[in-house]
$ cat start.txt   # compact mmCIF, C-alpha atoms and all ligand atoms
# COMPACT_ATOMS: atom_id res chain seq x y z
CA MET L 1 -172.59 -115.95 60.92
CA GLY L 2 -176.17 -115.96 59.69
CA GLN L 3 -178.29 -118.60 58.09
CA VAL L 4 -177.04 -120.14 54.84
CA GLU L 5 -178.96 -118.58 52.01
CA ARG L 6 -179.50 -119.78 48.45
CA ARG L 7 -179.12 -117.20 45.68
CA SER L 8 -179.36 -117.32 41.90
CA GLY L 9 -177.01 -115.69 39.45
CA GLY L 10 -175.74 -115.75 35.94
CA CYS L 11 -173.53 -114.24 33.28
CA LEU L 12 -174.25 -111.23 31.09
CA CYS L 13 -175.77 -113.20 28.19
CA GLY L 14 -177.65 -115.75 30.30
CA ALA L 15 -175.87 -118.82 28.90
CA VAL L 16 -174.63 -119.65 32.42
CA ARG L 17 -177.26 -119.70 35.19
CA PHE L 18 -176.56 -121.05 38.66
CA GLU L 19 -177.54 -121.15 42.32
CA VAL L 20 -175.09 -120.92 45.22
CA SER L 21 -175.23 -121.05 49.02
CA LEU L 22 -174.04 -117.96 50.90
CA PRO L 23 -173.02 -118.51 54.54
CA GLU L 24 -172.94 -114.71 54.91
CA ALA L 25 -174.30 -111.82 52.87
CA ALA L 26 -170.79 -110.38 52.63
CA TYR L 27 -168.10 -109.82 50.03
CA ASN L 28 -164.37 -109.18 49.81
CA ILE L 29 -162.45 -107.09 47.32
CA CYS L 30 -159.29 -108.66 45.90
CA HIS L 31 -156.65 -106.32 44.52
CA CYS L 32 -154.21 -108.97 43.26
CA GLU L 33 -152.84 -108.66 39.73
CA ARG L 34 -154.46 -111.89 38.53
CA CYS L 35 -157.96 -110.87 39.62
CA ARG L 36 -157.54 -107.39 38.16
CA LYS L 37 -156.34 -108.78 34.84
CA TRP L 38 -159.10 -111.37 34.74
CA SER L 39 -162.03 -109.10 35.56
CA GLY L 40 -160.71 -105.73 34.41
CA GLY L 41 -160.49 -104.25 37.90
CA PRO L 42 -160.49 -105.14 41.59
CA LEU L 43 -162.62 -108.25 42.06
CA MET L 44 -165.61 -108.04 44.38
CA ALA L 45 -166.41 -111.61 45.37
CA VAL L 46 -168.57 -113.64 47.72
CA HIS L 47 -167.37 -116.79 49.50
CA CYS L 48 -169.95 -119.49 48.83
CA LEU L 49 -170.16 -123.13 49.81
CA GLY L 50 -169.14 -125.70 47.22
CA ASP L 51 -172.68 -126.88 46.48
CA VAL L 52 -173.30 -124.85 43.33
CA THR L 53 -176.05 -126.11 41.02
CA PHE L 54 -176.46 -125.13 37.39
CA GLU L 55 -179.60 -124.39 35.48
CA LYS L 56 -177.49 -123.70 32.38
CA ASP L 57 -173.76 -124.32 32.00
CA ALA L 58 -173.13 -125.34 28.39
CA ASP L 59 -170.89 -122.28 27.87
CA LEU L 60 -169.14 -122.41 31.24
CA ARG L 61 -165.35 -122.59 30.80
CA TRP L 62 -162.58 -123.01 33.37
CA TYR L 63 -159.19 -121.34 33.04
CA GLN L 64 -156.32 -122.65 35.15
CA GLY L 65 -153.60 -120.00 35.29
CA THR L 66 -151.81 -121.31 38.39
CA PRO L 67 -151.38 -124.83 39.76
CA TRP L 68 -153.77 -124.13 42.64
CA ALA L 69 -156.72 -122.19 41.21
CA GLN L 70 -159.28 -122.28 38.41
CA ARG L 71 -161.37 -119.37 37.17
CA GLY L 72 -164.80 -119.95 35.67
CA PHE L 73 -166.21 -117.68 32.98
CA CYS L 74 -168.84 -117.66 30.26
CA GLY L 75 -167.38 -118.71 26.92
CA ALA L 76 -170.16 -116.89 25.07
CA CYS L 77 -170.12 -113.41 26.67
CA GLY L 78 -166.86 -113.52 28.67
CA SER L 79 -168.31 -112.69 32.10
CA SER L 80 -165.98 -113.46 35.02
CA LEU L 81 -167.92 -115.71 37.37
CA PHE L 82 -166.08 -118.14 39.67
CA TRP L 83 -162.82 -118.94 41.44
CA ARG L 84 -162.13 -122.36 42.99
CA LEU L 85 -159.23 -124.49 44.25
CA ALA L 86 -157.86 -126.80 41.55
CA ASP L 87 -157.24 -129.77 43.86
CA ASP L 88 -160.45 -129.39 45.89
CA PRO L 89 -163.03 -127.75 43.59
CA GLU L 90 -165.97 -128.57 45.85
CA ALA L 91 -164.46 -127.10 49.02
CA LEU L 92 -165.72 -123.61 48.29
CA LEU L 93 -166.71 -121.39 45.41
CA ILE L 94 -165.81 -117.74 45.23
CA VAL L 95 -168.40 -115.95 43.11
CA ALA L 96 -168.18 -112.53 41.48
CA ALA L 97 -170.55 -110.39 43.59
CA ASP L 98 -172.38 -108.85 40.68
CA ALA L 99 -172.90 -112.18 38.94
CA LEU L 100 -175.55 -112.71 41.62
CA ASP L 101 -179.04 -111.54 40.68
CA ARG L 102 -179.34 -109.78 44.03
CA SER L 103 -176.26 -108.11 45.48
CA ASP L 104 -177.48 -104.77 46.87
CA ASP L 105 -177.54 -106.00 50.46
CA LEU L 106 -174.03 -107.52 50.48
CA VAL L 107 -171.75 -105.97 53.10
CA LEU L 108 -168.07 -105.29 52.40
CA GLN L 109 -166.09 -107.46 54.79
CA ARG L 110 -162.48 -106.67 53.90
CA HIS L 111 -159.88 -105.97 51.25
CA ILE L 112 -157.35 -108.69 50.39
CA TYR L 113 -153.99 -108.49 48.60
CA ILE L 114 -154.06 -104.82 49.55
CA ASP L 115 -150.29 -104.63 48.94
CA ALA L 116 -150.95 -105.41 45.25
CA LYS L 117 -153.40 -102.49 44.84
CA PRO L 118 -152.19 -99.86 42.38
CA ASP L 119 -152.04 -96.25 43.61
CA ARG L 120 -154.50 -95.02 40.97
CA TYR L 121 -157.59 -95.98 42.99
CA ASP L 122 -158.68 -96.20 46.60
CA PHE L 123 -161.83 -97.34 48.36
CA ALA L 124 -163.45 -95.29 51.11
CA GLY L 125 -163.98 -96.67 54.59
CA ASP L 126 -161.83 -98.38 57.19
CA HIS L 127 -162.59 -102.02 56.39
CA PRO L 128 -159.85 -104.51 57.31
CA ARG L 129 -157.04 -104.71 54.76
CA ALA L 130 -155.01 -107.94 54.48
CA THR L 131 -151.74 -108.30 52.57
CA GLU L 132 -150.85 -111.26 50.35
CA ALA L 133 -148.64 -112.71 53.10
CA GLU L 134 -151.46 -112.45 55.64
CA VAL L 135 -153.92 -114.16 53.29
CA MET L 136 -151.45 -116.95 52.47
CA ALA L 137 -150.83 -117.53 56.19
CA GLU L 138 -154.58 -117.85 56.78
CA ILE L 139 -154.91 -120.38 53.95
CA ALA L 140 -151.96 -122.40 55.26
CA ALA L 141 -153.50 -122.45 58.74
CA ALA L 142 -156.93 -123.42 57.40
CA THR L 143 -155.63 -126.27 55.25
CA GLY L 144 -153.17 -127.50 57.88
CA GLY L 145 -150.31 -127.23 55.41
CA ALA L 146 -147.46 -124.84 54.92
ZN ZN L 201 -172.64 -115.44 29.03
ZN ZN L 202 -157.16 -111.92 43.59

$ encode --input "start.txt" --output "structure tokens" --more "lines below"
Ligand SMILES: [Zn+2]
Ligand SMILES: [Zn+2]
Amino acid sequence: MGQVERRSGGCLCGAVRFEVSLPEAAYNICHCERCRKWSGGPLMAVHCLGDVTFEKDADLRWYQGTPWAQRGFCGACGSSLFWRLADDPEALLIVAADALDRSDDLVLQRHIYIDAKPDRYDFAGDHPRATEAEVMAEIAAATGGA
């Protein structure tokens, strides 16, 4: 794990502008149905700390589609931006990789919900691939719950 780094980002129209802390210059790709529906394809996202700050957020909206998660987007241009836990929104912030102003150096860490990936696309490389059950087990272990 490297040094925590601060990066700026924003939506397509610029109505939402923010800064987040990246513990690692890395991203995951989620293939779950909810992420694909929300963003129009597999979601490339960076795990950030919960200490997001906003330069502009008047158009930021949160959509809660499940009891446990909220998805942040720009109400003006529709850009998919954030994912956070509903009951602990400051624990972490998952940020769409290309919402960041600088994303060229991000390294692909792994694929998640690989068992939800449709057959019509594939990514090259042999990065780790975790199933939904494996991801859920990791979350349960990390939160001490079941
Ligand atoms: Zn916008
Ligand atoms: Zn997902």

$ residues_around --input "start.txt" --residues "Glu19 in chain L" --least-positions-apart "4" --cutoff "7 Å" --atoms "only C-alpha atoms" --output "ChimeraX atom specification"
/L:6-9,52-54

$ residues_around --input "start.txt" --residues "range 80-93 of chain L" --least-positions-apart "6" --cutoff "9 Å" --atoms "all atoms listed in the file" --output "PyMOL selection string"
chain L and resi 10-11+20+38-39+45-52+62+64+66-74+99

$ residues_near_point --input "start.txt" --point "(-152.5, -101.5, 41.1)" --cutoff "10 Å" --atoms "all atoms listed in the file" --output "PyMOL selection string"
chain L and resi 31-33+36+41-42+114-122

$ atom_distance --input "start.txt" --atom1 "CA of Tyr27 in chain L" --atom2 "CA of Arg110 in chain L"
7.5 Å

$ closest_residue --input "start.txt" --among "L:Leu22, L:Cys77, L:Leu108, L:Ala58" --to "Met44 in chain L" --atoms "all atoms listed in the file"
L:Leu108

$ closest_residue --input "start.txt" --among "L:Ala96, L:Leu106, L:Cys30, L:Glu5" --to "Glu132 in chain L" --atoms "only C-alpha atoms"
L:Cys30

$ closest_residue --input "start.txt" --among "L:Leu12, L:Val4, L:Cys35, L:Ala26" --to "ligand ZN 202 (chain L)" --atoms "only C-alpha atoms and all ligand atoms"
L:Cys35

$ atom_distance --input "start.txt" --atom1 "CA of Ser103 in chain L" --atom2 "CA of Ala25 in chain L"
8.5 Å

$ closest_residue --input "start.txt" --among "L:Ser79, L:Arg61, L:Ala130, L:Arg34" --to "ligand ZN 201 (chain L)" --atoms "all atoms listed in the file"
L:Ser79

$ closest_residue --input "start.txt" --among "L:Asp59, L:Asp104, L:Glu24, L:Asp126" --to "ligand ZN 201 (chain L)" --atoms "only C-alpha atoms and all ligand atoms"
L:Asp59

$ atom_distance --input "start.txt" --atom1 "CA of Ala124 in chain L" --atom2 "CA of Val107 in chain L"
13.7 Å

$ closest_residue --input "start.txt" --among "L:Ala15, L:Ile112, L:Ala76, L:Leu60" --to "ligand ZN 202 (chain L)" --atoms "only C-alpha atoms and all ligand atoms"
L:Ile112
